>>> print(open('run_15.txt').read())   # compact mmCIF, C-alpha atoms
# COMPACT_ATOMS: atom_id res chain seq x y z
CA MET A 1 8.60 -57.76 14.30
CA SER A 2 11.62 -58.90 16.30
CA SER A 3 11.08 -61.21 19.21
CA ASN A 4 12.55 -60.80 22.63
CA LYS A 5 15.35 -63.37 22.23
CA ILE A 6 18.61 -62.48 23.93
CA SER A 7 21.06 -65.05 22.63
CA SER A 8 23.13 -65.54 25.80
CA VAL A 9 19.93 -65.99 27.80
CA GLU A 10 18.40 -68.42 25.29
CA ASN A 11 21.65 -70.32 25.22
CA LEU A 12 21.65 -70.80 29.00
CA ILE A 13 17.96 -71.81 28.94
CA ASP A 14 18.89 -74.49 26.37
CA GLU A 15 21.69 -75.77 28.62
CA PHE A 16 19.28 -76.16 31.55
CA ARG A 17 16.69 -77.86 29.35
CA LYS A 18 19.18 -80.65 28.63
CA LEU A 19 19.19 -81.63 32.31
CA PRO A 20 16.96 -84.49 33.50
CA GLY A 21 13.64 -83.37 34.96
CA ILE A 22 13.93 -79.78 33.75
CA GLY A 23 11.35 -78.64 31.21
CA PRO A 24 11.18 -75.38 29.26
CA LYS A 25 9.28 -73.51 31.98
CA SER A 26 11.62 -74.56 34.79
CA ALA A 27 14.65 -73.73 32.65
CA LYS A 28 13.32 -70.22 32.03
CA ARG A 29 12.49 -69.74 35.68
CA ILE A 30 15.99 -70.81 36.73
CA VAL A 31 17.67 -68.51 34.21
CA TYR A 32 15.57 -65.50 35.25
CA TYR A 33 16.53 -66.32 38.83
CA LEU A 34 20.21 -66.47 37.89
CA LEU A 35 19.95 -63.11 36.10
CA LYS A 36 19.30 -61.52 39.48
CA GLN A 37 22.24 -63.21 41.19
CA SER A 38 25.60 -61.55 41.77
CA ARG A 39 28.55 -62.07 39.44
CA GLU A 40 30.30 -63.90 42.29
CA ASP A 41 27.47 -66.39 42.71
CA ILE A 42 27.42 -67.13 39.00
CA GLU A 43 31.17 -67.60 38.93
CA ASP A 44 30.96 -69.98 41.88
CA PHE A 45 28.36 -72.02 40.05
CA SER A 46 30.34 -72.04 36.83
CA LYS A 47 33.49 -73.06 38.70
CA ALA A 48 31.69 -75.83 40.59
CA LEU A 49 30.77 -77.36 37.22
CA THR A 50 34.28 -77.41 35.77
CA ASP A 51 35.79 -78.34 39.15
CA MET A 52 33.68 -81.44 39.31
CA LYS A 53 34.81 -82.45 35.85
CA ASP A 54 38.45 -81.71 36.67
CA LYS A 55 38.56 -83.48 40.00
CA VAL A 56 36.22 -86.44 39.82
CA LYS A 57 37.55 -89.71 38.52
CA PHE A 58 36.56 -93.30 39.14
CA CYS A 59 37.90 -95.42 41.94
CA GLN A 60 40.40 -97.96 40.55
CA GLU A 61 38.98 -100.61 42.82
CA CYS A 62 35.20 -100.32 42.88
CA PHE A 63 34.43 -97.72 40.14
CA ASN A 64 32.67 -95.44 42.61
CA ILE A 65 33.39 -91.73 42.08
CA SER A 66 36.47 -90.38 43.78
CA GLU A 67 38.90 -87.48 43.78
CA ASP A 68 41.78 -89.90 44.37
CA GLU A 69 42.90 -93.25 42.97
CA LYS A 70 40.78 -94.98 45.60
CA CYS A 71 37.39 -93.72 46.77
CA PRO A 72 36.77 -92.74 50.42
CA ILE A 73 35.03 -96.07 51.03
CA CYS A 74 37.83 -98.27 49.63
CA ASN A 75 40.32 -96.12 51.51
CA ASP A 76 38.55 -96.48 54.84
CA SER A 77 40.27 -99.08 56.98
CA GLY A 78 37.29 -99.05 59.36
CA ARG A 79 35.02 -100.77 56.85
CA ASN A 80 34.37 -104.49 56.67
CA ASN A 81 36.40 -105.60 53.64
CA GLN A 82 35.06 -109.14 53.71
CA ILE A 83 31.67 -108.16 52.35
CA ILE A 84 30.98 -106.50 49.03
CA CYS A 85 27.76 -104.95 47.76
CA ILE A 86 27.18 -105.02 44.00
CA VAL A 87 25.25 -102.09 42.55
CA GLU A 88 24.36 -101.00 39.05
CA LYS A 89 25.36 -97.34 39.22
CA ILE A 90 27.25 -94.77 41.26
CA SER A 91 24.13 -93.09 42.62
CA ASP A 92 23.06 -96.42 44.18
CA VAL A 93 26.14 -96.27 46.42
CA SER A 94 25.05 -93.05 48.09
CA VAL A 95 21.48 -94.32 48.49
CA ILE A 96 22.69 -97.45 50.30
CA GLU A 97 25.22 -95.41 52.30
CA SER A 98 22.47 -93.08 53.44
CA SER A 99 20.64 -96.03 55.07
CA GLY A 100 23.61 -96.41 57.42
CA GLN A 101 23.01 -100.19 57.45
CA PHE A 102 25.96 -101.31 55.34
CA THR A 103 29.58 -101.19 56.43
CA GLY A 104 31.27 -103.22 53.70
CA LEU A 105 32.71 -102.35 50.29
CA TYR A 106 30.99 -101.76 46.96
CA HIS A 107 31.43 -102.76 43.36
CA VAL A 108 29.78 -100.52 40.78
CA LEU A 109 28.93 -102.46 37.62
CA GLY A 110 28.17 -99.35 35.56
CA GLY A 111 25.32 -101.16 33.81
CA LEU A 112 23.41 -104.42 33.63
CA LEU A 113 23.77 -107.40 31.29
CA SER A 114 21.85 -106.82 28.08
CA PRO A 115 22.44 -109.10 25.08
CA ILE A 116 20.33 -106.78 22.89
CA GLU A 117 22.58 -103.80 23.62
CA ASN A 118 25.68 -105.98 23.43
CA ILE A 119 26.51 -105.51 27.10
CA GLY A 120 28.30 -108.61 28.36
CA PRO A 121 30.23 -109.48 31.57
CA GLU A 122 33.37 -107.60 30.45
CA GLU A 123 31.43 -104.37 29.96
CA ILE A 124 30.03 -104.48 33.49
CA ARG A 125 33.38 -105.01 35.19
CA ILE A 126 32.82 -108.58 36.28
CA PRO A 127 36.46 -109.64 35.69
CA LYS A 128 37.58 -106.92 38.13
CA LEU A 129 34.92 -108.08 40.61
CA ILE A 130 36.26 -111.64 40.50
CA GLU A 131 39.80 -110.34 40.97
CA ARG A 132 38.73 -108.32 44.02
CA ILE A 133 36.84 -111.29 45.52
CA LYS A 134 40.03 -113.38 45.29
CA ILE A 135 42.44 -110.73 46.58
CA LEU A 136 40.25 -109.46 49.42
CA GLY A 137 39.04 -112.90 50.48
CA ILE A 138 35.41 -111.82 50.36
CA THR A 139 32.99 -113.95 52.41
CA GLU A 140 29.69 -112.37 51.37
CA VAL A 141 28.41 -110.73 48.20
CA VAL A 142 25.21 -108.66 48.48
CA LEU A 143 23.41 -108.21 45.19
CA ALA A 144 21.68 -104.81 45.31
CA LEU A 145 20.29 -104.72 41.78
CA ASN A 146 16.93 -103.32 40.70
CA PRO A 147 14.10 -105.86 40.63
CA THR A 148 13.71 -105.56 36.85
CA VAL A 149 14.26 -108.06 34.03
CA GLU A 150 17.84 -106.84 33.43
CA GLY A 151 18.56 -106.64 37.18
CA ASP A 152 17.24 -110.14 37.78
CA SER A 153 19.13 -111.69 34.87
CA THR A 154 22.36 -109.97 35.91
CA ALA A 155 21.79 -111.32 39.44
CA THR A 156 21.22 -114.82 38.06
CA TYR A 157 24.42 -114.62 36.01
CA LEU A 158 26.45 -113.35 38.97
CA ASN A 159 25.02 -116.08 41.19
CA LYS A 160 26.19 -118.71 38.69
CA VAL A 161 29.66 -117.20 38.23
CA LEU A 162 30.29 -116.62 41.94
CA LYS A 163 29.25 -120.13 43.03
CA GLN A 164 32.83 -121.31 42.43
CA PHE A 165 33.97 -119.24 45.42
CA ASP A 166 33.35 -120.17 49.03
CA LEU A 167 31.08 -117.25 49.88
CA LYS A 168 27.53 -116.35 50.79
CA ILE A 169 25.49 -114.69 48.06
CA THR A 170 22.57 -112.58 49.29
CA LYS A 171 20.22 -110.05 47.75
CA LEU A 172 18.16 -107.15 49.07
CA ALA A 173 14.80 -108.18 50.48
CA SER A 174 11.74 -107.67 48.29
CA GLY A 175 8.52 -106.47 49.86
CA LEU A 176 6.35 -103.52 50.70
CA PRO A 177 8.19 -100.20 50.89
CA VAL A 178 8.06 -98.61 54.35
CA GLY A 179 5.15 -96.18 54.36
CA GLY A 180 3.68 -97.94 51.33
CA ASP A 181 0.02 -98.86 51.03
CA ILE A 182 -1.04 -102.48 50.41
CA GLU A 183 -3.97 -101.19 48.38
CA TYR A 184 -1.63 -99.65 45.82
CA ALA A 185 1.08 -102.31 45.75
CA ASP A 186 1.34 -104.39 42.57
CA GLN A 187 0.74 -108.16 42.56
CA VAL A 188 4.39 -109.11 42.18
CA THR A 189 5.43 -106.97 45.15
CA ILE A 190 2.63 -108.46 47.28
CA GLY A 191 3.65 -111.94 46.13
CA ARG A 192 7.29 -111.39 47.10
CA ALA A 193 6.31 -109.77 50.39
CA LEU A 194 4.20 -112.85 51.20
CA SER A 195 6.78 -115.45 50.20
CA GLY A 196 9.46 -113.57 52.14
CA ARG A 197 7.26 -113.01 55.22
CA THR A 198 9.09 -112.91 58.54
CA GLU A 199 7.98 -113.87 62.02
CA ILE A 200 7.26 -110.98 64.40
CA MET B 1 33.28 -94.92 59.15
CA SER B 2 33.76 -92.41 56.38
CA SER B 3 30.81 -91.47 54.24
CA ASN B 4 30.77 -91.33 50.48
CA LYS B 5 31.08 -87.53 50.17
CA ILE B 6 33.20 -86.32 47.27
CA SER B 7 33.61 -82.60 47.94
CA SER B 8 33.48 -81.36 44.33
CA VAL B 9 30.34 -83.42 43.75
CA GLU B 10 28.68 -82.24 46.97
CA ASN B 11 29.60 -78.69 46.10
CA LEU B 12 27.89 -78.89 42.71
CA ILE B 13 24.81 -80.53 44.27
CA ASP B 14 24.65 -77.57 46.68
CA GLU B 15 24.81 -75.12 43.77
CA PHE B 16 21.88 -76.81 42.03
CA ARG B 17 19.89 -76.93 45.26
CA LYS B 18 19.99 -73.12 45.39
CA LEU B 19 17.97 -72.92 42.16
CA PRO B 20 14.20 -72.44 42.31
CA GLY B 21 12.19 -75.66 42.04
CA ILE B 22 15.18 -77.96 42.53
CA GLY B 23 15.17 -80.11 45.65
CA PRO B 24 17.89 -82.36 47.03
CA LYS B 25 16.84 -85.40 44.96
CA SER B 26 16.66 -83.49 41.66
CA ALA B 27 20.00 -81.82 42.38
CA LYS B 28 21.64 -85.21 42.93
CA ARG B 29 20.06 -86.65 39.82
CA ILE B 30 21.27 -83.71 37.72
CA VAL B 31 24.82 -83.96 39.06
CA TYR B 32 25.02 -87.72 38.45
CA TYR B 33 23.78 -87.00 34.94
CA LEU B 34 26.47 -84.35 34.45
CA LEU B 35 29.15 -86.76 35.71
CA LYS B 36 28.51 -88.86 32.62
CA GLN B 37 28.72 -85.93 30.19
CA SER B 38 31.81 -85.05 28.18
CA ARG B 39 34.28 -82.39 29.28
CA GLU B 40 33.19 -80.29 26.30
CA ASP B 41 29.53 -80.37 27.32
CA ILE B 42 30.38 -79.32 30.85
CA GLU B 43 32.59 -76.49 29.60
CA ASP B 44 29.80 -75.29 27.30
CA PHE B 45 27.43 -75.22 30.25
CA SER B 46 29.92 -73.43 32.47
CA LYS B 47 30.64 -70.88 29.75
CA ALA B 48 26.93 -70.28 29.07
CA LEU B 49 26.59 -69.26 32.72
CA THR B 50 29.40 -66.71 32.76
CA ASP B 51 28.56 -65.52 29.24
CA MET B 52 25.07 -64.63 30.32
CA LYS B 53 26.44 -62.62 33.24
CA ASP B 54 29.01 -60.90 31.02
CA LYS B 55 26.68 -60.00 28.18
CA VAL B 56 23.28 -59.32 29.65
CA LYS B 57 22.50 -55.83 30.82
CA PHE B 58 19.27 -53.90 31.18
CA CYS B 59 17.69 -51.83 28.43
CA GLN B 60 18.20 -48.11 29.17
CA GLU B 61 14.66 -47.42 28.01
CA CYS B 62 12.36 -50.13 29.32
CA PHE B 63 14.60 -52.15 31.72
CA ASN B 64 14.02 -55.35 29.78
CA ILE B 65 17.10 -57.56 29.41
CA SER B 66 19.37 -56.80 26.50
CA GLU B 67 22.88 -57.35 25.18
CA ASP B 68 22.97 -53.73 23.93
CA GLU B 69 22.03 -50.31 25.30
CA LYS B 70 18.52 -50.80 23.96
CA CYS B 71 16.66 -54.13 23.94
CA PRO B 72 15.54 -55.79 20.67
CA ILE B 73 11.98 -54.55 21.28
CA CYS B 74 12.89 -50.87 21.85
CA ASN B 75 15.24 -51.10 18.87
CA ASP B 76 12.58 -52.48 16.55
CA SER B 77 11.18 -49.72 14.32
CA GLY B 78 8.38 -52.07 13.28
CA ARG B 79 6.70 -51.93 16.67
CA ASN B 80 3.90 -49.59 17.64
CA ASN B 81 5.64 -46.99 19.81
CA GLN B 82 2.41 -45.25 20.80
CA ILE B 83 1.34 -48.03 23.16
CA ILE B 84 3.22 -49.22 26.20
CA CYS B 85 2.62 -52.30 28.33
CA ILE B 86 3.60 -52.09 31.99
CA VAL B 87 4.82 -55.31 33.60
CA GLU B 88 6.27 -56.19 36.97
CA LYS B 89 9.25 -58.27 35.89
CA ILE B 90 11.40 -59.22 32.93
CA SER B 91 9.96 -62.71 32.58
CA ASP B 92 6.49 -61.18 32.07
CA VAL B 93 7.78 -59.59 28.85
CA SER B 94 8.54 -62.93 27.23
CA VAL B 95 5.21 -64.39 28.39
CA ILE B 96 3.28 -61.54 26.75
CA GLU B 97 5.52 -61.68 23.66
CA SER B 98 4.81 -65.39 23.29
CA SER B 99 1.08 -64.64 22.92
CA GLY B 100 1.89 -62.75 19.72
CA GLN B 101 -0.99 -60.36 20.51
CA PHE B 102 0.99 -57.28 21.51
CA THR B 103 3.05 -55.15 19.15
CA GLY B 104 3.82 -52.15 21.33
CA LEU B 105 6.61 -51.33 23.77
CA TYR B 106 7.13 -52.42 27.37
CA HIS B 107 8.10 -50.87 30.66
CA VAL B 108 9.46 -53.24 33.30
CA LEU B 109 8.82 -51.89 36.79
CA GLY B 110 11.13 -54.39 38.50
CA GLY B 111 8.74 -54.68 41.43
CA LEU B 112 5.42 -53.50 42.80
CA LEU B 113 4.59 -50.71 45.24
CA SER B 114 4.89 -51.92 48.81
CA PRO B 115 4.91 -49.41 51.67
CA ILE B 116 5.86 -52.20 54.11
CA GLU B 117 9.02 -53.04 52.18
CA ASN B 118 9.71 -49.36 51.52
CA ILE B 119 9.19 -49.69 47.77
CA GLY B 120 7.86 -46.40 46.42
CA PRO B 121 7.33 -44.97 42.90
CA GLU B 122 11.04 -44.12 42.48
CA GLU B 123 12.07 -47.73 43.16
CA ILE B 124 9.78 -49.10 40.48
CA ARG B 125 10.97 -46.73 37.74
CA ILE B 126 7.85 -44.61 37.50
CA PRO B 127 9.75 -41.35 36.85
CA LYS B 128 11.37 -42.98 33.78
CA LEU B 129 7.93 -44.25 32.67
CA ILE B 130 6.51 -40.71 32.81
CA GLU B 131 9.51 -39.40 30.89
CA ARG B 132 8.97 -42.05 28.18
CA ILE B 133 5.25 -41.32 27.96
CA LYS B 134 6.04 -37.64 27.32
CA ILE B 135 8.87 -38.20 24.83
CA LEU B 136 7.20 -40.99 22.83
CA GLY B 137 3.76 -39.39 22.83
CA ILE B 138 2.13 -42.57 24.16
CA THR B 139 -1.61 -42.88 23.50
CA GLU B 140 -2.35 -46.07 25.43
CA VAL B 141 -0.92 -47.67 28.57
CA VAL B 142 -1.76 -51.36 29.18
CA LEU B 143 -1.41 -52.39 32.81
CA ALA B 144 -0.35 -56.06 32.82
CA LEU B 145 0.12 -56.53 36.55
CA ASN B 146 -0.75 -59.61 38.59
CA PRO B 147 -4.25 -59.59 40.08
CA THR B 148 -2.88 -59.51 43.64
CA VAL B 149 -3.11 -56.90 46.40
CA GLU B 150 0.24 -55.34 45.41
CA GLY B 151 -0.55 -55.57 41.69
CA ASP B 152 -3.95 -53.94 42.16
CA SER B 153 -2.62 -51.13 44.36
CA THR B 154 0.23 -50.42 41.93
CA ALA B 155 -2.34 -50.30 39.12
CA THR B 156 -4.50 -47.91 41.12
CA TYR B 157 -1.51 -45.65 41.79
CA LEU B 158 -0.47 -45.68 38.12
CA ASN B 159 -4.02 -44.93 37.05
CA LYS B 160 -4.04 -41.87 39.31
CA VAL B 161 -0.61 -40.61 38.20
CA LEU B 162 -1.21 -41.16 34.47
CA LYS B 163 -4.60 -39.40 34.42
CA GLN B 164 -2.81 -36.08 33.82
CA PHE B 165 -1.84 -37.30 30.33
CA ASP B 166 -4.19 -37.55 27.39
CA LEU B 167 -4.09 -41.34 27.03
CA LYS B 168 -6.16 -44.45 27.38
CA ILE B 169 -5.38 -46.65 30.38
CA THR B 170 -6.37 -50.32 30.02
CA LYS B 171 -5.69 -53.52 31.93
CA LEU B 172 -5.60 -57.21 31.06
CA ALA B 173 -9.01 -58.89 31.20
CA SER B 174 -9.81 -60.98 34.27
CA GLY B 175 -11.68 -64.23 33.84
CA LEU B 176 -11.45 -67.97 33.45
CA PRO B 177 -8.13 -69.21 32.08
CA VAL B 178 -8.46 -70.99 28.73
CA GLY B 179 -8.76 -74.71 29.42
CA GLY B 180 -9.71 -73.95 33.03
CA ASP B 181 -12.58 -75.67 34.80
CA ILE B 182 -15.43 -73.63 36.30
CA GLU B 183 -15.73 -76.22 39.06
CA TYR B 184 -12.23 -75.41 40.31
CA ALA B 185 -12.21 -71.64 39.77
CA ASP B 186 -12.23 -69.48 42.89
CA GLN B 187 -15.11 -67.12 43.72
CA VAL B 188 -13.23 -63.93 42.86
CA THR B 189 -12.27 -65.25 39.41
CA ILE B 190 -15.86 -66.34 38.75
CA GLY B 191 -17.05 -62.92 39.95
CA ARG B 192 -14.70 -61.07 37.62
CA ALA B 193 -15.51 -63.39 34.71
CA LEU B 194 -19.21 -62.64 35.26
CA SER B 195 -18.88 -58.89 35.61
CA GLY B 196 -16.64 -58.77 32.54
CA ARG B 197 -18.84 -61.10 30.47
CA THR B 198 -18.83 -60.45 26.73
CA GLU B 199 -21.51 -61.01 24.09
CA ILE B 200 -20.96 -63.95 21.76
>>> encode(input="run_15.txt", output="structure tokens")
Amino acid sequence: MSSNKISSVENLIDEFRKLPGIGPKSAKRIVYYLLKQSREDIEDFSKALTDMKDKVKFCQECFNISEDEKCPICNDSGRNNQIICIVEKISDVSVIESSGQFTGLYHVLGGLLSPIENIGPEEIRIPKLIERIKILGITEVVLALNPTVEGDSTATYLNKVLKQFDLKITKLASGLPVGGDIEYADQVTIGRALSGRTEI
Amino acid sequence: MSSNKISSVENLIDEFRKLPGIGPKSAKRIVYYLLKQSREDIEDFSKALTDMKDKVKFCQECFNISEDEKCPICNDSGRNNQIICIVEKISDVSVIESSGQFTGLYHVLGGLLSPIENIGPEEIRIPKLIERIKILGITEVVLALNPTVEGDSTATYLNKVLKQFDLKITKLASGLPVGGDIEYADQVTIGRALSGRTEI
């Protein structure tokens, strides 16, 4: 008995299943939804995919995504170019931007130091960071790295390397997330929240 | 201060947000994932989308999806063409197929009767169903419609219309889902499971 496999449909389901967070049921549901959409809508979607690949490159300065040589942030003369925020990946830039609390520049490492995976300072664009610090005359570096083993050791390394420059090195505060519940916080978070307590 | 909006990236995020079950965070995560993929992978994805639209049409017999005039199921001489299973939508066909328990044909209504939305028998392909029943000499019709108000009233209508033919009309059994918990089942499900109880 033949099954009900339509190859172009199965093929598209497979493409969706490759995406993060999409399982076989969601992929099927999405494809059946797309089957009902107009040819125009599908072409728009298809074009948006290739367009992104055609247009997006990496900023020559900070390695953020950009459609030009320099990203909108590096190109913006209204930003404070004395302070630089170091992040692991591109998506961290938009998270920090969405807080509206940072007006300086960024430097996207594109990874974290990991001797096991053979990722050293060169791989995470530290030479370019040092070059930018010198040229821009940076006065403060904000380390916005995840509070994990790799994040912490990368922060320690950067702290050591950047000490030679006359600048302030800061990092994001550790503590309870807003809306979080003390009952469910882990010991380390509670410990950091206590040691970093502020007067009210 | 400019924000970090790259139009081709935002555009693709918007396309993903239109899909069922994908919220703003998932859409972002998917697009950042795609940014790291090769040009070839993105082109494959883009092509799979347009390919599906180009190739998939509806079976002239049962309205299932197909790349030919007739779907693989209607084309399969090994199937029992005396029994027909009536479903609401295309995705229901693959769910029933995946059970491996049905070897007959299908008829996809493409909707359910709804006087409020002006959906009558013509809109849900009932004339074609009657034509098929006559031509194929169907002996059993299985109603596989959702146990909802619209599903039940469509089933009642079909039952009335199909009485004129010499055939058996059956419907899917109602009861506890396999792996379900009696504690969390609703009253109606429990009621139907009781009234449809079988000897062991």
>>> closest_residue(input="run_15.txt", among="B:Glu88, B:Asp186, B:Glu199, B:Glu40", to="Asn64 (chain B)", atoms="only C-alpha atoms")
B:Glu88
>>> atom_distance(input="run_15.txt", atom1="CA of Leu49 (chain A)", atom2="CA of Leu49 (chain B)")
10.2 Å
>>> interface_residues(input="run_15.txt", of="chain B", to="chain A", cutoff="8 Å", atoms="all atoms listed in the file", output="PyMOL selection string")
chain B and resi 1-6+8-9+11-12+15+19-21+26+29-30+32-33+35+39+42-43+45-53+55-56+65-67+71-73+76+78-79+90-91+93-94+97+103
>>> write_last_selection(input="run_15.txt", atoms="C-alpha atoms", output="mmCIF file, keeping the file's coordinate frame")
data_model
loop_
_atom_site.group_PDB
_atom_site.id
_atom_site.type_symbol
_atom_site.label_atom_id
_atom_site.label_comp_id
_atom_site.auth_asym_id
_atom_site.auth_seq_id
_atom_site.Cartn_x
_atom_site.Cartn_y
_atom_site.Cartn_z
ATOM 1 C CA MET B 1 33.280 -94.920 59.150
ATOM 2 C CA SER B 2 33.760 -92.410 56.380
ATOM 3 C CA SER B 3 30.810 -91.470 54.240
ATOM 4 C CA ASN B 4 30.770 -91.330 50.480
ATOM 5 C CA LYS B 5 31.080 -87.530 50.170
ATOM 6 C CA ILE B 6 33.200 -86.320 47.270
ATOM 7 C CA SER B 8 33.480 -81.360 44.330
ATOM 8 C CA VAL B 9 30.340 -83.420 43.750
ATOM 9 C CA ASN B 11 29.600 -78.690 46.100
ATOM 10 C CA LEU B 12 27.890 -78.890 42.710
ATOM 11 C CA GLU B 15 24.810 -75.120 43.770
ATOM 12 C CA LEU B 19 17.970 -72.920 42.160
ATOM 13 C CA PRO B 20 14.200 -72.440 42.310
ATOM 14 C CA GLY B 21 12.190 -75.660 42.040
ATOM 15 C CA SER B 26 16.660 -83.490 41.660
ATOM 16 C CA ARG B 29 20.060 -86.650 39.820
ATOM 17 C CA ILE B 30 21.270 -83.710 37.720
ATOM 18 C CA TYR B 32 25.020 -87.720 38.450
ATOM 19 C CA TYR B 33 23.780 -87.000 34.940
ATOM 20 C CA LEU B 35 29.150 -86.760 35.710
ATOM 21 C CA ARG B 39 34.280 -82.390 29.280
ATOM 22 C CA ILE B 42 30.380 -79.320 30.850
ATOM 23 C CA GLU B 43 32.590 -76.490 29.600
ATOM 24 C CA PHE B 45 27.430 -75.220 30.250
ATOM 25 C CA SER B 46 29.920 -73.430 32.470
ATOM 26 C CA LYS B 47 30.640 -70.880 29.750
ATOM 27 C CA ALA B 48 26.930 -70.280 29.070
ATOM 28 C CA LEU B 49 26.590 -69.260 32.720
ATOM 29 C CA THR B 50 29.400 -66.710 32.760
ATOM 30 C CA ASP B 51 28.560 -65.520 29.240
ATOM 31 C CA MET B 52 25.070 -64.630 30.320
ATOM 32 C CA LYS B 53 26.440 -62.620 33.240
ATOM 33 C CA LYS B 55 26.680 -60.000 28.180
ATOM 34 C CA VAL B 56 23.280 -59.320 29.650
ATOM 35 C CA ILE B 65 17.100 -57.560 29.410
ATOM 36 C CA SER B 66 19.370 -56.800 26.500
ATOM 37 C CA GLU B 67 22.880 -57.350 25.180
ATOM 38 C CA CYS B 71 16.660 -54.130 23.940
ATOM 39 C CA PRO B 72 15.540 -55.790 20.670
ATOM 40 C CA ILE B 73 11.980 -54.550 21.280
ATOM 41 C CA ASP B 76 12.580 -52.480 16.550
ATOM 42 C CA GLY B 78 8.380 -52.070 13.280
ATOM 43 C CA ARG B 79 6.700 -51.930 16.670
ATOM 44 C CA ILE B 90 11.400 -59.220 32.930
ATOM 45 C CA SER B 91 9.960 -62.710 32.580
ATOM 46 C CA VAL B 93 7.780 -59.590 28.850
ATOM 47 C CA SER B 94 8.540 -62.930 27.230
ATOM 48 C CA GLU B 97 5.520 -61.680 23.660
ATOM 49 C CA THR B 103 3.050 -55.150 19.150
#
>>> atom_distance(input="run_15.txt", atom1="CA of Leu129 (chain A)", atom2="CA of Ala173 (chain A)")
22.4 Å
>>> residues_around(input="run_15.txt", residues="region 107-124 of chain A", least_positions_apart="4", cutoff="9 Å", atoms="all atoms listed in the file", output="PyMOL selection string")
chain A and resi 61-64+84-90+92-93+128-129+145+150-151+153-154+157
>>> closest_residue(input="run_15.txt", among="B:Phe165, B:Phe102, B:Tyr184, B:Phe58", to="Asn81 (chain B)", atoms="only C-alpha atoms")
B:Phe102
>>> atom_distance(input="run_15.txt", atom1="CA of Thr198 (chain B)", atom2="CA of Val178 (chain B)")
14.9 Å
>>> residues_around(input="run_15.txt", residues="Gly175 (chain A)", least_positions_apart="6", cutoff="10 Å", atoms="all atoms listed in the file", output="ChimeraX atom specification")
/A:185,188-197
